[in-house]
>>> print(open('my_file_20.cif').read())   # mmCIF, C-alpha atoms
data_model
loop_
_atom_site.label_atom_id
_atom_site.label_comp_id
_atom_site.auth_asym_id
_atom_site.auth_seq_id
_atom_site.Cartn_x
_atom_site.Cartn_y
_atom_site.Cartn_z
CA MET A 135 0.00 0.00 0.00
CA LYS A 136 2.66 2.37 1.13
CA ASN A 137 4.79 1.38 -1.79
CA SER A 138 2.12 1.92 -4.36
CA LEU A 139 1.34 5.30 -2.86
CA LEU A 140 4.97 6.17 -3.01
CA SER A 141 5.36 5.10 -6.59
CA SER A 142 2.27 6.94 -7.70
CA LEU A 143 3.53 10.07 -6.00
CA ILE A 144 6.84 9.67 -7.74
CA ALA A 145 5.01 9.16 -11.02
CA LEU A 146 3.01 12.30 -10.35
CA GLY A 147 6.16 14.23 -9.58
CA PHE A 148 7.70 12.96 -12.77
CA THR A 149 4.69 13.96 -14.82
CA LEU A 150 4.87 17.43 -13.34
CA LEU A 151 8.55 17.59 -14.12
CA LEU A 152 7.98 16.56 -17.69
CA GLY A 153 5.13 18.99 -18.06
CA CYS A 154 7.33 21.70 -16.74
CA ALA A 155 10.10 20.80 -19.12
CA ALA A 156 7.75 21.00 -22.05
CA ASP A 157 6.48 24.41 -20.98
CA LYS A 158 9.74 25.99 -20.30
CA ASN A 159 11.46 27.89 -23.00
CA SER A 160 15.14 27.30 -23.25
CA ASP A 161 18.03 28.30 -25.45
CA VAL A 162 18.87 30.90 -26.85
CA SER A 163 22.40 28.22 -34.08
CA PRO A 164 21.48 30.36 -53.05
CA SER A 165 22.54 31.80 -56.09
CA VAL A 166 25.79 32.84 -57.75
CA GLN A 167 25.76 36.12 -55.86
CA THR A 168 24.63 34.66 -52.60
CA GLY A 169 26.35 31.90 -50.71
CA THR A 170 25.29 28.95 -48.65
CA GLY A 171 25.42 28.45 -44.93
CA GLY A 172 25.10 25.13 -43.18
CA SER A 173 21.97 23.74 -41.59
CA MET A 174 22.95 25.41 -38.31
CA ALA A 175 22.84 28.91 -39.87
CA ARG A 176 20.78 31.66 -38.31
CA PHE A 177 21.30 34.09 -41.21
CA ALA A 178 20.00 33.45 -44.71
CA ILE A 179 19.77 35.59 -47.82
CA VAL A 180 17.02 35.14 -50.39
CA GLY A 181 17.17 37.63 -53.25
CA ASP A 182 17.33 41.07 -51.70
CA VAL A 183 16.28 39.95 -48.28
CA LEU A 184 18.34 38.89 -45.31
CA TYR A 185 16.64 36.83 -42.62
CA CYS A 186 18.10 36.80 -39.13
CA VAL A 187 16.79 34.27 -36.69
CA LEU A 188 17.17 35.80 -33.24
CA PRO A 189 16.41 33.84 -30.09
CA SER A 190 12.79 34.94 -30.02
CA LYS A 191 11.99 36.47 -33.39
CA LEU A 192 12.51 36.41 -37.11
CA GLN A 193 13.98 39.70 -38.28
CA VAL A 194 13.70 40.62 -41.95
CA TYR A 195 16.07 43.12 -43.59
CA ASP A 196 15.82 44.52 -47.09
CA ILE A 197 19.35 44.60 -48.51
CA SER A 198 18.55 45.83 -52.02
CA THR A 199 21.00 48.60 -51.15
CA PRO A 200 23.66 46.25 -49.79
CA THR A 201 25.26 48.77 -47.46
CA SER A 202 22.07 49.91 -45.81
CA PRO A 203 19.94 47.08 -44.56
CA ILE A 204 16.44 48.29 -43.82
CA SER A 205 14.47 46.53 -41.13
CA LYS A 206 11.26 45.41 -42.84
CA LYS A 207 9.42 43.07 -40.59
CA THR A 208 9.84 41.44 -37.22
CA VAL A 209 7.93 38.28 -36.49
CA PRO A 210 7.90 37.53 -32.77
CA LEU A 211 8.01 33.79 -32.15
CA THR A 212 8.69 31.48 -29.29
CA VAL A 213 11.97 31.69 -27.42
CA GLY A 214 14.54 29.22 -28.68
CA LEU A 215 14.81 29.77 -32.41
CA GLU A 216 17.96 28.30 -33.77
CA THR A 217 18.22 27.75 -37.50
CA ILE A 218 16.79 28.84 -40.84
CA PHE A 219 16.63 26.94 -44.11
CA PRO A 220 15.10 28.64 -47.15
CA TYR A 221 13.72 26.22 -49.74
CA LYS A 222 11.76 27.22 -52.83
CA ASN A 223 9.08 29.63 -51.62
CA ALA A 224 9.30 28.72 -48.00
CA LEU A 225 11.40 29.23 -44.90
CA PHE A 226 11.91 26.38 -42.46
CA ILE A 227 12.87 27.59 -39.02
CA GLY A 228 14.19 25.15 -36.46
CA ALA A 229 13.35 25.99 -32.87
CA ASN A 230 13.59 24.31 -29.50
CA ASP A 231 9.97 23.34 -29.61
CA GLY A 232 9.63 22.37 -33.22
CA MET A 233 9.72 23.69 -36.75
CA TYR A 234 8.02 26.78 -38.13
CA ILE A 235 7.14 27.00 -41.81
CA PHE A 236 6.75 30.40 -43.49
CA ASP A 237 5.63 31.29 -46.98
CA ASN A 238 8.10 33.80 -48.41
CA GLN A 239 6.80 34.30 -51.93
CA GLN A 240 6.95 37.91 -50.95
CA PRO A 241 10.43 37.68 -49.44
CA ASP A 242 10.30 40.83 -47.33
CA SER A 243 7.04 39.82 -45.73
CA PRO A 244 7.05 36.15 -44.74
CA VAL A 245 3.80 34.68 -43.50
CA MET A 246 3.62 31.81 -41.05
CA LEU A 247 1.86 28.77 -42.51
CA SER A 248 2.30 26.17 -39.82
CA GLN A 249 4.11 24.98 -36.77
CA TYR A 250 5.25 21.47 -36.27
CA PHE A 251 5.69 20.75 -32.59
CA HIS A 252 7.60 18.06 -30.84
CA VAL A 253 9.35 17.76 -27.55
CA GLN A 254 12.09 20.19 -26.76
CA SER A 255 15.33 19.75 -28.56
CA CYS A 256 17.79 21.40 -30.86
CA ASP A 257 16.73 20.89 -34.37
CA PRO A 258 18.27 21.99 -37.59
CA VAL A 259 16.23 21.17 -40.63
CA VAL A 260 16.93 20.63 -44.33
CA VAL A 261 14.39 20.10 -47.07
CA GLN A 262 14.36 18.32 -50.40
CA GLY A 263 11.29 17.80 -52.51
CA ASN A 264 8.33 17.09 -50.29
CA TYR A 265 10.33 16.02 -47.27
CA ALA A 266 11.98 17.84 -44.41
CA TYR A 267 14.71 16.10 -42.45
CA VAL A 268 15.05 17.24 -38.86
CA THR A 269 17.52 16.12 -36.22
CA LEU A 270 16.44 16.22 -32.60
CA ARG A 271 19.27 16.02 -30.16
CA GLY A 272 18.64 14.66 -26.69
CA GLY A 273 20.96 14.80 -23.75
CA SER A 274 22.43 17.48 -21.61
CA GLY A 275 23.27 20.02 -24.26
CA CYS A 276 19.79 20.44 -25.56
CA ARG A 277 16.79 18.50 -24.52
CA ARG A 278 15.95 18.90 -20.93
CA MET A 279 15.16 15.33 -20.13
CA ALA A 280 17.41 12.55 -21.20
CA THR A 281 15.19 11.69 -24.11
CA ALA A 282 16.39 9.90 -27.18
CA SER A 283 17.92 11.69 -30.14
CA THR A 284 16.24 11.11 -33.46
CA LEU A 285 16.28 11.81 -37.15
CA ASP A 286 12.74 12.63 -38.23
CA VAL A 287 11.28 12.75 -41.71
CA VAL A 288 8.41 15.18 -42.04
CA ASP A 289 6.14 15.23 -45.07
CA VAL A 290 5.79 18.89 -46.07
CA THR A 291 3.84 18.35 -49.29
CA ASP A 292 1.19 20.51 -47.70
CA LEU A 293 3.17 23.27 -46.01
CA ARG A 294 0.14 24.05 -43.90
CA SER A 295 0.05 20.63 -42.31
CA PRO A 296 3.43 18.97 -41.92
CA ARG A 297 3.21 15.31 -40.92
CA LEU A 298 5.78 13.11 -39.21
CA ILE A 299 6.20 9.98 -41.32
CA HIS A 300 9.40 8.42 -40.05
CA SER A 301 11.69 8.62 -37.06
CA GLN A 302 14.85 6.76 -36.21
CA THR A 303 17.19 6.86 -33.25
CA MET A 304 20.44 8.78 -33.50
CA GLU A 305 23.33 9.26 -31.10
CA SER A 306 23.94 13.02 -30.82
CA PRO A 307 22.93 14.62 -34.08
CA TYR A 308 23.81 18.20 -35.03
CA GLY A 309 23.73 19.64 -38.54
CA LEU A 310 22.68 17.81 -41.65
CA GLY A 311 22.75 18.13 -45.42
CA VAL A 312 20.84 16.59 -48.28
CA SER A 313 21.71 16.12 -51.92
CA GLY A 314 19.98 13.87 -54.40
CA GLU A 315 19.83 10.39 -52.99
CA GLN A 316 22.03 11.04 -49.99
CA LEU A 317 21.48 12.49 -46.59
CA PHE A 318 24.41 13.43 -44.35
CA VAL A 319 23.91 13.69 -40.62
CA CYS A 320 26.59 15.00 -38.27
CA GLU A 321 26.81 13.08 -35.02
CA GLY A 322 29.27 15.28 -33.12
CA ASP A 323 32.17 13.27 -31.66
CA ARG A 324 30.76 10.16 -33.29
CA GLY A 325 31.41 11.36 -36.79
CA MET A 326 29.05 11.63 -39.72
CA LYS A 327 26.44 9.20 -40.98
CA ILE A 328 25.49 8.85 -44.61
CA PHE A 329 22.00 7.67 -45.43
CA ASP A 330 20.58 6.43 -48.68
CA ILE A 331 17.34 8.26 -49.44
CA LYS A 332 16.37 6.64 -52.73
CA ASP A 333 13.15 6.26 -50.86
CA PRO A 334 13.04 9.76 -49.34
CA LYS A 335 10.61 8.61 -46.67
CA GLN A 336 12.92 5.93 -45.25
CA PRO A 337 16.56 6.94 -44.85
CA GLN A 338 18.75 3.82 -44.78
CA LEU A 339 22.09 4.04 -43.00
CA LYS A 340 24.81 3.30 -45.52
CA GLN A 341 28.08 4.47 -44.08
CA ILE A 342 29.57 5.91 -40.92
CA VAL A 343 32.53 8.26 -41.16
CA GLY A 344 33.76 7.72 -37.63
CA ASP A 345 37.22 9.24 -37.73
CA ILE A 346 36.08 12.86 -37.61
CA LYS A 347 34.13 15.14 -35.31
CA ALA A 348 31.19 16.46 -37.24
CA TYR A 349 29.09 19.47 -36.31
CA ASP A 350 27.74 20.69 -39.63
CA VAL A 351 27.95 19.86 -43.30
CA ILE A 352 27.67 21.91 -46.48
CA LEU A 353 27.32 20.40 -49.93
CA THR A 354 28.69 22.34 -52.86
CA ASN A 355 29.31 21.30 -56.45
CA LYS A 356 33.02 21.10 -55.65
CA SER A 357 33.11 19.31 -52.35
CA LEU A 358 31.39 18.13 -49.25
CA LEU A 359 32.50 20.31 -46.35
CA VAL A 360 32.32 19.02 -42.81
CA THR A 361 33.16 21.15 -39.77
CA GLY A 362 33.81 20.04 -36.26
CA ASP A 363 36.19 20.23 -33.33
CA GLY A 364 38.96 18.75 -35.45
CA GLY A 365 38.81 21.42 -38.12
CA LEU A 366 37.37 21.55 -41.61
CA MET A 367 37.37 18.48 -43.84
CA GLN A 368 36.61 18.47 -47.54
CA TYR A 369 35.59 15.35 -49.41
CA THR A 370 34.47 14.27 -52.82
CA LEU A 371 31.90 11.62 -53.22
CA SER A 372 32.40 9.04 -55.96
CA GLU A 373 29.45 7.65 -57.86
CA GLN A 374 29.74 4.49 -55.82
CA GLY A 375 29.22 6.69 -52.78
CA LYS A 376 32.79 6.40 -51.57
CA LEU A 377 34.17 9.40 -49.69
CA GLU A 378 37.61 10.60 -50.62
CA VAL A 379 39.42 13.18 -48.49
CA LEU A 380 40.42 16.23 -50.51
CA SER A 381 41.90 18.31 -47.75
CA LYS A 382 41.84 19.18 -44.09
CA LEU A 383 42.26 22.50 -42.37
CA ALA A 384 43.25 21.28 -38.95
CA ILE A 385 42.90 22.89 -35.57
CA GLU A 386 46.12 24.32 -34.25
CA PRO A 387 46.92 24.55 -30.56
CA MET B 166 5.08 9.25 6.36
CA LYS B 167 8.17 8.72 4.30
CA ALA B 168 5.96 8.88 1.21
CA ILE B 169 4.68 12.27 2.18
CA ALA B 170 8.19 13.52 2.70
CA TYR B 171 9.05 12.27 -0.78
CA PHE B 172 6.00 13.98 -2.16
CA TRP B 173 7.01 17.36 -0.76
CA LEU B 174 10.54 16.84 -1.91
CA ILE B 175 9.27 16.18 -5.42
CA CYS B 176 6.92 19.17 -5.30
CA LEU B 177 9.75 21.38 -4.19
CA GLY B 178 11.90 20.02 -6.97
CA VAL B 179 9.19 20.72 -9.50
CA LEU B 180 8.75 24.26 -8.26
CA VAL B 181 12.44 24.99 -8.37
CA GLY B 182 12.73 23.24 -11.72
CA CYS B 183 10.03 25.41 -13.21
CA ASP B 184 11.54 28.60 -11.93
CA SER B 185 12.47 30.61 -14.96
CA ARG B 186 15.16 32.62 -13.21
CA VAL B 187 18.63 31.56 -14.15
CA ASP B 188 20.23 32.81 -10.98
CA VAL B 189 19.70 30.05 -8.47
CA SER B 190 21.83 29.45 -5.47
CA ALA B 191 20.72 25.82 -5.43
CA PRO B 192 20.43 23.89 -8.71
CA PRO B 193 16.95 22.55 -9.53
CA ALA B 194 15.92 18.99 -8.82
CA GLY B 195 17.04 16.61 -11.49
CA ALA B 196 19.96 18.84 -12.41
CA PRO B 197 23.26 17.09 -12.95
CA SER B 198 25.60 17.73 -10.04
CA PHE B 199 28.32 20.28 -10.61
CA ASN B 200 31.41 18.58 -11.96
CA GLY B 201 33.94 21.35 -11.44
CA GLU B 202 33.55 22.88 -14.88
CA GLY B 203 31.23 25.64 -15.95
CA TYR B 204 30.84 28.33 -18.57
CA ARG B 205 32.33 31.73 -18.03
CA PRO B 206 31.24 34.73 -20.09
CA MET B 207 33.93 36.40 -22.14
CA TYR B 208 33.53 40.16 -22.18
CA ALA B 209 34.61 42.94 -24.48
CA SER B 210 34.16 46.66 -24.18
CA ALA B 211 32.06 48.54 -26.72
CA THR B 212 35.27 50.21 -27.93
CA ASP B 213 36.97 46.84 -28.55
CA LEU B 214 33.89 45.49 -30.29
CA ALA B 215 33.88 48.39 -32.70
CA GLN B 216 37.42 47.53 -33.86
CA VAL B 217 36.81 45.35 -36.91
CA THR B 218 40.18 44.78 -38.54
CA THR B 219 41.70 42.61 -41.25
CA GLU B 220 44.66 40.61 -40.05
CA PRO B 221 47.04 38.05 -41.54
CA PRO B 222 45.80 34.43 -41.59
CA GLN B 223 45.47 32.89 -38.16
CA PRO B 224 45.30 29.34 -36.87
CA LEU B 225 41.94 27.64 -36.61
CA ARG B 226 41.22 27.09 -32.91
CA LYS B 227 37.52 26.89 -32.22
CA PRO B 228 35.76 26.93 -35.58
CA GLY B 229 32.04 27.60 -35.54
CA LYS B 230 29.73 27.97 -38.50
CA ILE B 231 30.89 28.03 -42.08
CA TYR B 232 29.61 29.83 -45.12
CA VAL B 233 30.51 29.21 -48.75
CA ARG B 234 30.31 31.69 -51.58
CA GLY B 235 31.88 31.00 -54.93
CA ASN B 236 35.50 30.10 -54.36
CA TYR B 237 35.59 31.48 -50.86
CA LEU B 238 34.97 29.84 -47.52
CA PHE B 239 34.17 31.88 -44.46
CA ILE B 240 34.91 30.02 -41.25
CA ASN B 241 33.77 31.54 -38.00
CA GLU B 242 36.25 31.46 -35.14
CA GLN B 243 33.87 31.40 -32.19
CA GLY B 244 33.47 34.86 -30.72
CA LYS B 245 36.59 36.15 -32.47
CA GLY B 246 36.02 36.66 -36.17
CA ILE B 247 36.17 35.00 -39.57
CA HIS B 248 38.87 33.08 -41.42
CA LEU B 249 38.67 33.94 -45.09
CA VAL B 250 39.81 31.01 -47.20
CA ASP B 251 40.39 30.77 -50.93
CA ASN B 252 38.96 27.39 -51.89
CA THR B 253 39.50 27.57 -55.64
CA ASP B 254 41.25 24.22 -55.31
CA PRO B 255 39.46 22.24 -52.59
CA ARG B 256 42.55 20.04 -52.34
CA LYS B 257 44.59 23.06 -51.25
CA PRO B 258 42.44 25.63 -49.46
CA GLN B 259 44.49 28.76 -48.76
CA LYS B 260 43.87 31.06 -45.84
CA VAL B 261 43.79 34.60 -47.14
CA SER B 262 43.09 36.71 -44.07
CA PHE B 263 41.42 36.84 -40.71
CA ILE B 264 38.71 39.40 -40.12
CA LYS B 265 38.61 40.25 -36.44
CA ILE B 266 34.96 40.66 -35.46
CA LEU B 267 34.54 40.19 -31.71
CA GLY B 268 31.39 38.38 -30.69
CA ASN B 269 30.82 36.93 -34.15
CA VAL B 270 28.70 33.79 -34.58
CA ASP B 271 26.77 34.12 -37.83
CA ILE B 272 27.64 35.09 -41.37
CA ALA B 273 25.88 35.64 -44.69
CA VAL B 274 27.37 36.94 -47.91
CA LYS B 275 25.92 38.53 -51.00
CA GLY B 276 28.14 39.86 -53.74
CA ASN B 277 30.98 41.75 -52.11
CA TYR B 278 29.17 42.27 -48.86
CA LEU B 279 29.40 40.23 -45.74
CA TYR B 280 26.71 40.50 -43.08
CA ALA B 281 27.74 39.56 -39.58
CA ASP B 282 26.86 39.89 -35.93
CA ASN B 283 29.46 41.79 -33.92
CA GLY B 284 28.36 41.38 -30.33
CA LEU B 285 25.09 43.28 -30.12
CA ASP B 286 25.70 45.10 -33.39
CA PHE B 287 24.95 44.12 -36.95
CA VAL B 288 27.71 45.02 -39.42
CA VAL B 289 27.97 45.13 -43.19
CA LEU B 290 31.52 44.60 -44.44
CA ASN B 291 32.85 45.29 -47.88
CA ILE B 292 35.01 42.30 -48.78
CA SER B 293 35.88 43.19 -52.37
CA ASP B 294 39.50 43.22 -51.20
CA PRO B 295 39.72 40.33 -48.71
CA THR B 296 42.98 41.67 -47.34
CA GLN B 297 41.44 45.03 -46.55
CA VAL B 298 37.93 44.52 -45.38
CA LYS B 299 36.07 47.61 -44.31
CA VAL B 300 32.94 48.30 -42.29
CA ASP B 301 30.39 49.99 -44.51
CA LYS B 302 27.57 50.02 -42.02
CA ARG B 303 27.01 49.36 -38.35
CA ILE B 304 23.54 48.96 -36.87
CA ALA B 305 23.90 49.24 -33.12
CA ASN B 306 22.01 46.95 -30.75
CA ALA B 307 20.40 44.84 -33.47
CA PHE B 308 20.83 41.69 -31.39
CA PRO B 309 19.83 40.91 -27.84
CA SER B 310 22.45 40.64 -25.16
CA PRO B 311 22.95 37.03 -24.09
CA SER B 312 22.36 36.40 -20.41
CA TYR B 313 23.20 32.70 -20.55
CA PRO B 314 25.28 30.31 -22.66
CA PRO B 315 23.72 28.49 -25.64
CA TYR B 316 23.43 25.25 -23.68
CA THR B 317 21.00 23.91 -21.15
CA GLN B 318 21.47 21.76 -18.06
CA THR B 319 24.63 23.64 -17.46
CA TYR B 320 26.28 25.72 -14.74
CA PHE B 321 27.65 29.13 -15.57
CA GLU B 322 28.93 32.32 -14.08
CA CYS B 323 26.13 34.88 -14.08
CA VAL B 324 26.54 37.74 -16.53
CA ASP B 325 27.75 40.97 -14.99
CA ALA B 326 26.88 43.78 -17.40
CA THR B 327 29.34 46.14 -15.73
CA LYS B 328 32.18 44.00 -17.12
CA GLY B 329 31.22 44.69 -20.73
CA ILE B 330 29.35 42.94 -23.53
CA VAL B 331 29.29 39.15 -23.66
CA ILE B 332 31.05 37.96 -26.80
CA GLY B 333 31.15 34.27 -26.07
CA TRP B 334 31.48 31.59 -23.42
CA GLU B 335 34.37 29.44 -22.37
CA LYS B 336 34.22 26.23 -20.43
CA VAL B 337 36.62 26.45 -17.51
CA LYS B 338 37.24 24.91 -14.12
CA MET B 339 35.54 26.93 -11.41
CA SER B 340 33.94 26.59 -8.03
CA ARG B 341 30.20 26.09 -8.32
CA PRO B 342 28.77 29.25 -9.91
CA LYS B 343 25.43 30.75 -8.96
CA CYS B 344 23.76 30.41 -12.34
CA PHE B 345 22.28 27.29 -13.88
CA ARG B 346 19.90 26.62 -16.72
#
>>> encode(input="my_file_20.cif", output="structure tokens")
Amino acid sequence: MKNSLLSSLIALGFTLLLGCAADKNSDVSPSVQTGTGGSMARFAIVGDVLYCVLPSKLQVYDISTPTSPISKKTVPLTVGLETIFPYKNALFIGANDGMYIFDNQQPDSPVMLSQYFHVQSCDPVVVQGNYAYVTLRGGSGCRRMATASTLDVVDVTDLRSPRLIHSQTMESPYGLGVSGEQLFVCEGDRGMKIFDIKDPKQPQLKQIVGDIKAYDVILTNKSLLVTGDGGLMQYTLSEQGKLEVLSKLAIEP
Amino acid sequence: MKAIAYFWLICLGVLVGCDSRVDVSAPPAGAPSFNGEGYRPMYASATDLAQVTTEPPQPLRKPGKIYVRGNYLFINEQGKGIHLVDNTDPRKPQKVSFIKILGNVDIAVKGNYLYADNGLDFVVLNISDPTQVKVDKRIANAFPSPSYPPYTQTYFECVDATKGIVIGWEKVKMSRPKCFR
């Protein structure tokens, strides 16, 4: 009797704790002319507009006169915004409590279409076709409770109602990149994982590059760039999907 | 009786855990115990922050975000500035210069202009000559002042605004600091 009372009280306490964790806000992470940032970027340029993701708002600057950015619009959002990924006519903003999707057909005046919520985490997002790939990192750095880290696939065919269609466990994912049939996911000290996404809904783990520390990845037509605590690695990817090291800019003491 | 004590203990933990203040003299329930290391804010004065200069190439120490435009790579050195790298040949990337921008985290480039955060300020740099970058525009106080490090479940020294503007955080050995989030 006493024991069951005790355990139910503990369960209650736990529920309250979890509820509290979910409520609490936490953190405050292309054309020829314009460049490309990684999936962890908080700044992004689309045409004549620069988007800055600040901890609690999306700030829009008109940079048609490059030397005098004009503040156009400020969209207050939740606390804990981290990343921005422009794709076609939309902006995908990764936040601690989920992903926000904006229509930016009129670039200087983005309009929120939907919010995709999940438990608290850090979550960069990349998009290709009708699918968004989001990493959710658990553990001490990000999620409050020691929840699992995952790679989620979200169907964004209808930008107004994103749907989770796949989720798989990861170790400690950070940035990610997508190109054609391959998805690259940085796993911090555990290296980088390469997934086959011939079926974009079901990423299949193909290769683990375990000898590097990987924080973010950028894909360009020349190379695959991976940053991390060890420095900056550049690779080429053969048609067979084999990675070949092109160069390394190493950390110096 | 013991159960009731547990209950109150849990309630107390929940209350403390939900407290949104960062300055707590006792860490909330469920917090990891302090392991001797915490984050310390790094400060700079407004005068130092305003000194954006182009310097010779410097070693990569704590690289942050990267940005690619054309043949150039821009590698953030956390809180310190940007390494400008000529990547015409990705087998032999060449460091060209280091742009000292204290408090820098994010970068975006369009044409010959680089947009960056410089502590609380937003700066536009003309990079047409990467060895002589110049500030074309400074928008003061465009960004909020950080009052905690970009991590959670972590102990840190509380920010003291009289010491200057926070330009980054370093993990160092310390006695248990007052702040936790």
>>> interface_residues(input="my_file_20.cif", of="chain B", to="chain A", cutoff="7 Å", atoms="all atoms listed in the file", output="PyMOL selection string")
chain B and resi 168+172+175-176+179+183+224-228+231-235+255-257+271-276+278+289+301-302+315-318
>>> closest_residue(input="my_file_20.cif", among="A:Val290, A:Met304, A:Leu270, A:Ala282", to="A:Tyr234", atoms="all atoms listed in the file")
A:Val290
>>> residues_near_point(input="my_file_20.cif", point="(31.2, 39.5, -17.4)", cutoff="12 Å", atoms="only C-alpha atoms", output="list in words")
Tyr204, Arg205, Pro206, Met207, Tyr208, Ala209, Ser210, Ser310, Pro311, Ser312, Tyr313, Phe321, Glu322, Cys323, Val324, Asp325, Ala326, Thr327, Lys328, Gly329, Ile330, Val331, Ile332, Gly333, Trp334 and Glu335 of chain B
>>> atom_distance(input="my_file_20.cif", atom1="atom CA of B:Phe308", atom2="atom CA of B:Ala211")
14.0 Å
>>> closest_residue(input="my_file_20.cif", among="B:Lys343, B:Lys260, B:Lys299, B:Lys336", to="B:Pro221", atoms="all atoms listed in the file")
B:Lys260
>>> atom_distance(input="my_file_20.cif", atom1="atom CA of A:Gln262", atom2="atom CA of B:Asp251")
28.9 Å
>>> atom_distance(input="my_file_20.cif", atom1="atom CA of B:Lys265", atom2="atom CA of B:Leu249")
10.7 Å
>>> closest_residue(input="my_file_20.cif", among="A:Phe329, A:Phe251, A:Tyr195, A:Phe318", to="A:Gly228", atoms="all atoms listed in the file")
A:Phe251
>>> resolve_selection(input="my_file_20.cif", expression="the PyMOL selection byres ((chain A and resi 341) around 12)", output="list of chain:residue names")
A:Gln316, A:Leu317, A:Phe318, A:Val319, A:Gly325, A:Met326, A:Lys327, A:Ile328, A:Phe329, A:Asp330, A:Pro337, A:Gln338, A:Leu339, A:Lys340, A:Ile342, A:Val343, A:Gly344, A:Gln374, A:Gly375, A:Lys376, A:Leu377
>>> closest_residue(input="my_file_20.cif", among="A:Asp237, A:Ile227, A:Tyr221, A:Pro244", to="A:Val194", atoms="all atoms listed in the file")
A:Pro244
>>> residues_around(input="my_file_20.cif", residues="stretch 338-341 of chain B", least_positions_apart="2", cutoff="7 Å", atoms="only C-alpha atoms", output="PyMOL selection string")
chain B and resi 199+201-203+343
>>> closest_residue(input="my_file_20.cif", among="A:Val183, A:Ile235, A:Val245, A:Val312", to="A:Pro334", atoms="only C-alpha atoms")
A:Val312
>>> closest_residue(input="my_file_20.cif", among="A:Pro210, A:Pro307, A:Pro220, A:Gly322", to="A:Thr269", atoms="all atoms listed in the file")
A:Pro307
>>> resolve_selection(input="my_file_20.cif", expression="the PyMOL selection byres ((chain A and resi 298) around 7)", output="compact mmCIF listing (two decimals) with C-alpha atoms, in the frame of the given file")
# COMPACT_ATOMS: atom_id res chain seq x y z
CA VAL A 287 11.28 12.75 -41.71
CA VAL A 288 8.41 15.18 -42.04
CA ASP A 289 6.14 15.23 -45.07
CA PRO A 296 3.43 18.97 -41.92
CA ARG A 297 3.21 15.31 -40.92
CA ILE A 299 6.20 9.98 -41.32
CA HIS A 300 9.40 8.42 -40.05
>>> resolve_selection(input="my_file_20.cif", expression="the PyMOL selection byres ((chain B and resi 286) around 9)", output="VMD selection string")
chain B and resid 214 to 215 281 to 285 287 to 288 303 to 308
>>> build_atoms(input="my_file_20.cif", residues="stretch 318-329 of chain A", atoms="N, CA and C atoms", output="short mmCIF file (atom, residue, chain, number, x, y, z; two decimals), keeping the file's coordinate frame")
data_model
loop_
_atom_site.label_atom_id
_atom_site.label_comp_id
_atom_site.auth_asym_id
_atom_site.auth_seq_id
_atom_site.Cartn_x
_atom_site.Cartn_y
_atom_site.Cartn_z
N PHE A 318 23.24 13.45 -45.22
CA PHE A 318 24.41 13.43 -44.35
C PHE A 318 24.02 13.98 -43.00
N VAL A 319 24.28 13.23 -41.96
CA VAL A 319 23.91 13.69 -40.62
C VAL A 319 25.14 13.69 -39.71
N CYS A 320 25.44 14.88 -39.16
CA CYS A 320 26.59 15.00 -38.27
C CYS A 320 26.21 14.48 -36.90
N GLU A 321 27.08 13.68 -36.33
CA GLU A 321 26.81 13.08 -35.02
C GLU A 321 27.84 13.52 -33.98
N GLY A 322 28.33 14.77 -34.10
CA GLY A 322 29.27 15.28 -33.12
C GLY A 322 30.54 14.46 -33.06
N ASP A 323 30.94 14.04 -31.84
CA ASP A 323 32.17 13.27 -31.66
C ASP A 323 32.10 11.91 -32.33
N ARG A 324 30.89 11.49 -32.69
CA ARG A 324 30.76 10.16 -33.29
C ARG A 324 30.84 10.18 -34.81
N GLY A 325 31.21 11.31 -35.36
CA GLY A 325 31.41 11.36 -36.79
C GLY A 325 30.19 11.75 -37.59
N MET A 326 30.16 11.29 -38.83
CA MET A 326 29.05 11.63 -39.72
C MET A 326 28.44 10.36 -40.30
N LYS A 327 27.12 10.36 -40.39
CA LYS A 327 26.44 9.20 -40.98
C LYS A 327 25.89 9.57 -42.35
N ILE A 328 26.02 8.63 -43.27
CA ILE A 328 25.49 8.85 -44.61
C ILE A 328 24.32 7.90 -44.82
N PHE A 329 23.20 8.47 -45.20
CA PHE A 329 22.00 7.67 -45.43
C PHE A 329 21.63 7.67 -46.91
#
